[in-house]
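Asks: Data: upload.cif, mmCIF, C-alpha atoms.
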```cif
data_start
#
loop_
_atom_site.group_PDB
_atom_site.id
_atom_site.type_symbol
_atom_site.label_atom_id
_atom_site.label_comp_id
_atom_site.auth_asym_id
_atom_site.auth_seq_id
_atom_site.Cartn_x
_atom_site.Cartn_y
_atom_site.Cartn_z
ATOM 1 C CA MET S 1 16.050 -13.440 -2.624
ATOM 2 C CA GLY S 2 18.036 -11.021 -0.534
ATOM 3 C CA ASP S 3 17.403 -7.701 1.085
ATOM 4 C CA ARG S 4 18.207 -5.414 -1.832
ATOM 5 C CA TRP S 5 14.532 -4.508 -2.371
ATOM 6 C CA VAL S 6 13.858 -3.264 1.176
ATOM 7 C CA PRO S 7 15.106 0.337 0.690
ATOM 8 C CA TYR S 8 13.095 0.693 -2.517
ATOM 9 C CA ALA S 9 9.935 -0.656 -0.899
ATOM 10 C CA ALA S 10 10.429 1.612 2.110
ATOM 11 C CA ALA S 11 10.910 4.614 -0.190
ATOM 12 C CA ALA S 12 7.748 3.692 -2.088
ATOM 13 C CA LEU S 13 5.857 3.396 1.196
ATOM 14 C CA ALA S 14 7.061 6.808 2.395
ATOM 15 C CA SER S 15 6.375 8.557 -0.906
ATOM 16 C CA GLY S 16 2.936 6.933 -1.080
ATOM 17 C CA ALA S 17 2.094 8.206 2.388
ATOM 18 C CA CYS S 18 3.266 11.707 1.422
ATOM 19 C CA ALA S 19 1.190 11.587 -1.766
ATOM 20 C CA LEU S 20 -1.842 10.512 0.247
ATOM 21 C CA VAL S 21 -1.448 13.494 2.561
ATOM 22 C CA MET S 22 -0.856 15.833 -0.388
ATOM 23 C CA GLY S 23 -3.993 14.561 -2.131
ATOM 24 C CA ALA S 24 -6.054 14.987 1.013
ATOM 25 C CA LEU S 25 -4.804 18.535 1.532
ATOM 26 C CA THR S 26 -5.402 19.642 -2.056
ATOM 27 C CA LEU S 27 -8.895 18.166 -2.215
ATOM 28 C CA PRO S 28 -11.433 20.992 -2.014
ATOM 29 C CA SER S 29 -13.902 20.733 0.833
ATOM 30 C CA SER S 30 -17.332 22.267 1.182
ATOM 31 C CA PRO S 31 -20.148 22.021 3.720
ATOM 32 C CA ASN S 32 -22.830 21.082 1.166
ATOM 33 C CA GLY S 33 -23.143 19.603 -2.312
ATOM 34 C CA THR S 34 -23.896 22.780 -4.233
ATOM 35 C CA ASP S 35 -20.641 24.413 -3.171
ATOM 36 C CA LEU S 36 -18.812 21.255 -4.157
ATOM 37 C CA VAL S 37 -20.200 21.385 -7.700
ATOM 38 C CA SER S 38 -19.341 25.071 -8.033
ATOM 39 C CA THR S 39 -15.811 24.338 -6.782
ATOM 40 C CA LEU S 40 -15.498 21.620 -9.393
ATOM 41 C CA GLN S 41 -16.515 24.023 -12.136
ATOM 42 C CA ALA S 42 -14.295 26.832 -10.840
ATOM 43 C CA ALA S 43 -11.083 24.865 -10.135
ATOM 44 C CA PRO S 44 -10.876 21.577 -12.029
ATOM 45 C CA ASP S 45 -7.088 21.553 -11.730
ATOM 46 C CA ARG S 46 -7.272 20.999 -7.963
ATOM 47 C CA TRP S 47 -9.486 17.954 -8.525
ATOM 48 C CA LEU S 48 -7.084 16.621 -11.145
ATOM 49 C CA LEU S 49 -4.108 17.094 -8.823
ATOM 50 C CA ALA S 50 -5.926 15.385 -5.956
ATOM 51 C CA SER S 51 -6.984 12.421 -8.105
ATOM 52 C CA ALA S 52 -3.460 12.027 -9.526
ATOM 53 C CA ALA S 53 -2.010 12.144 -6.019
ATOM 54 C CA PHE S 54 -4.460 9.489 -4.835
ATOM 55 C CA MET S 55 -3.636 7.234 -7.798
ATOM 56 C CA TYR S 56 0.101 7.571 -7.174
ATOM 57 C CA ALA S 57 -0.435 6.973 -3.451
ATOM 58 C CA ALA S 58 -2.338 3.766 -4.156
ATOM 59 C CA PHE S 59 0.415 2.538 -6.474
ATOM 60 C CA ALA S 60 3.276 3.461 -4.148
ATOM 61 C CA LEU S 61 1.601 2.087 -1.029
ATOM 62 C CA THR S 62 1.009 -1.187 -2.842
ATOM 63 C CA LEU S 63 4.695 -1.369 -3.741
ATOM 64 C CA GLY S 64 5.608 -0.550 -0.141
ATOM 65 C CA ILE S 65 3.580 -3.346 1.450
ATOM 66 C CA PRO S 66 6.530 -5.822 1.510
ATOM 67 C CA THR S 67 8.265 -3.497 3.960
ATOM 68 C CA PHE S 68 5.701 -4.457 6.588
ATOM 69 C CA LEU S 69 6.416 -8.132 5.991
ATOM 70 C CA ARG S 70 10.083 -7.454 6.694
ATOM 71 C CA LEU S 71 9.259 -5.620 9.911
ATOM 72 C CA LEU S 72 7.093 -8.413 11.312
ATOM 73 C CA THR S 73 8.916 -10.778 13.643
ATOM 74 C CA LYS S 74 7.334 -13.929 12.269
ATOM 75 C CA ARG S 75 7.640 -12.675 8.654
ATOM 76 C CA GLY S 76 4.082 -12.555 7.492
ATOM 77 C CA ARG S 77 2.515 -15.311 9.531
ATOM 78 C CA GLY S 78 -0.751 -13.397 9.781
ATOM 79 C CA THR S 79 -0.792 -12.392 6.117
ATOM 80 C CA GLY S 80 -0.275 -15.812 4.564
ATOM 81 C CA GLN S 81 3.181 -14.942 3.243
ATOM 82 C CA SER S 82 5.237 -17.024 5.653
ATOM 83 C CA VAL S 83 7.911 -19.370 4.385
ATOM 84 C CA PRO S 84 8.234 -22.809 6.016
ATOM 85 C CA GLN S 85 11.352 -23.025 8.158
ATOM 86 C CA SER S 86 11.957 -26.769 7.693
ATOM 87 C CA SER S 87 14.858 -28.096 5.651
ATOM 88 C CA PRO S 88 14.127 -29.709 2.262
ATOM 89 C CA SER S 89 15.213 -33.169 3.445
ATOM 90 C CA ALA S 90 13.060 -33.186 6.602
ATOM 91 C CA PRO S 91 9.455 -34.388 6.255
ATOM 92 C CA SER S 92 6.676 -31.938 6.902
ATOM 93 C CA ALA S 93 5.341 -31.839 10.456
ATOM 94 C CA ARG S 94 1.799 -31.092 9.319
ATOM 95 C CA PRO S 95 -0.204 -33.571 7.290
ATOM 96 C CA ALA S 96 -1.113 -32.408 3.825
ATOM 97 C CA THR S 97 -4.649 -31.069 3.527
ATOM 98 C CA PRO S 98 -6.646 -32.067 0.470
ATOM 99 C CA ARG S 99 -7.565 -29.326 -1.968
ATOM 100 C CA CYS S 100 -11.196 -28.876 -2.811
#
```
Any chance you could give the structure as structure tokens?
Replies:
Amino acid sequence: MGDRWVPYAAAALASGACALVMGALTLPSSPNGTDLVSTLQAAPDRWLLASAAFMYAAFALTLGIPTFLRLLTKRGRGTGQSVPQSSPSAPSARPATPRC
């Protein structure tokens, strides 16, 4: 496949993290529920900005996940994304497990 996608995934990861912080900072906070409802009625644009930032952060962080697979030394062995290192002509060292 190549390594051309790594800078784009890293940029998506960084922008997703920034959007997550921006959404958390713009989210109004209040000590009790009644103030929260009054804040929602008084400033709905802050809630809209926070929800849009969280949606973008979720999308960008999802696109940036392959960057972590590139940083791992065993290339995703713990995440189930590892590629077998054997050559196509060599037989598999593990016996095939039956599918249920």
Asks: What does the distance between CA of Leu63 (chain S) and CA of Leu25 (chain S) come to in Å, to one decimal place?
Replies: 22.7 Å
Asks: Enter the distance from CA of Gly16 (chain S) to CA of Ala58 (chain S), in Å, rounded to one decimal.
Replies: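 CA of Ala58 (chain S) lies 6.9 Å from CA of Gly16 (chain S).
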Asks: Name all residues at most 10 Å from region 52-57 of chain S (count all atoms listed in the file; drop same-chain ones fewer than 5 positions away) and give them as a list in words.
Replies: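 The residues satisfying every condition are Ala12, Leu13, Ala14, Ser15, Gly16, Ala17, Cys18, Ala19, Leu20, Val21, Met22, Gly23, Ala24, Thr26, Leu27, Arg46, Trp47, Thr62 and Leu63 of chain S.
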Asks: Can you measure CA of Pro28 (chain S) to CA of Ile65 (chain S) for me? One decimal in Å is fine.
Replies: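 One can read the CA of Pro28 (chain S) to CA of Ile65 (chain S) distance as 28.8 Å.
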Asks: Could you list the residues chosen by the PyMOL selection byres ((chain S and resi 66) around 10) in this structure as a list in words?
Replies: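 That selection, the PyMOL selection byres ((chain S and resi 66) around 10), comes back as Trp5, Val6, Ala9, Ala10, Leu13, Leu61, Thr62, Leu63, Gly64, Ile65, Thr67, Phe68, Leu69, Arg70, Leu71, Arg75, Gly76 and Gln81 of chain S.
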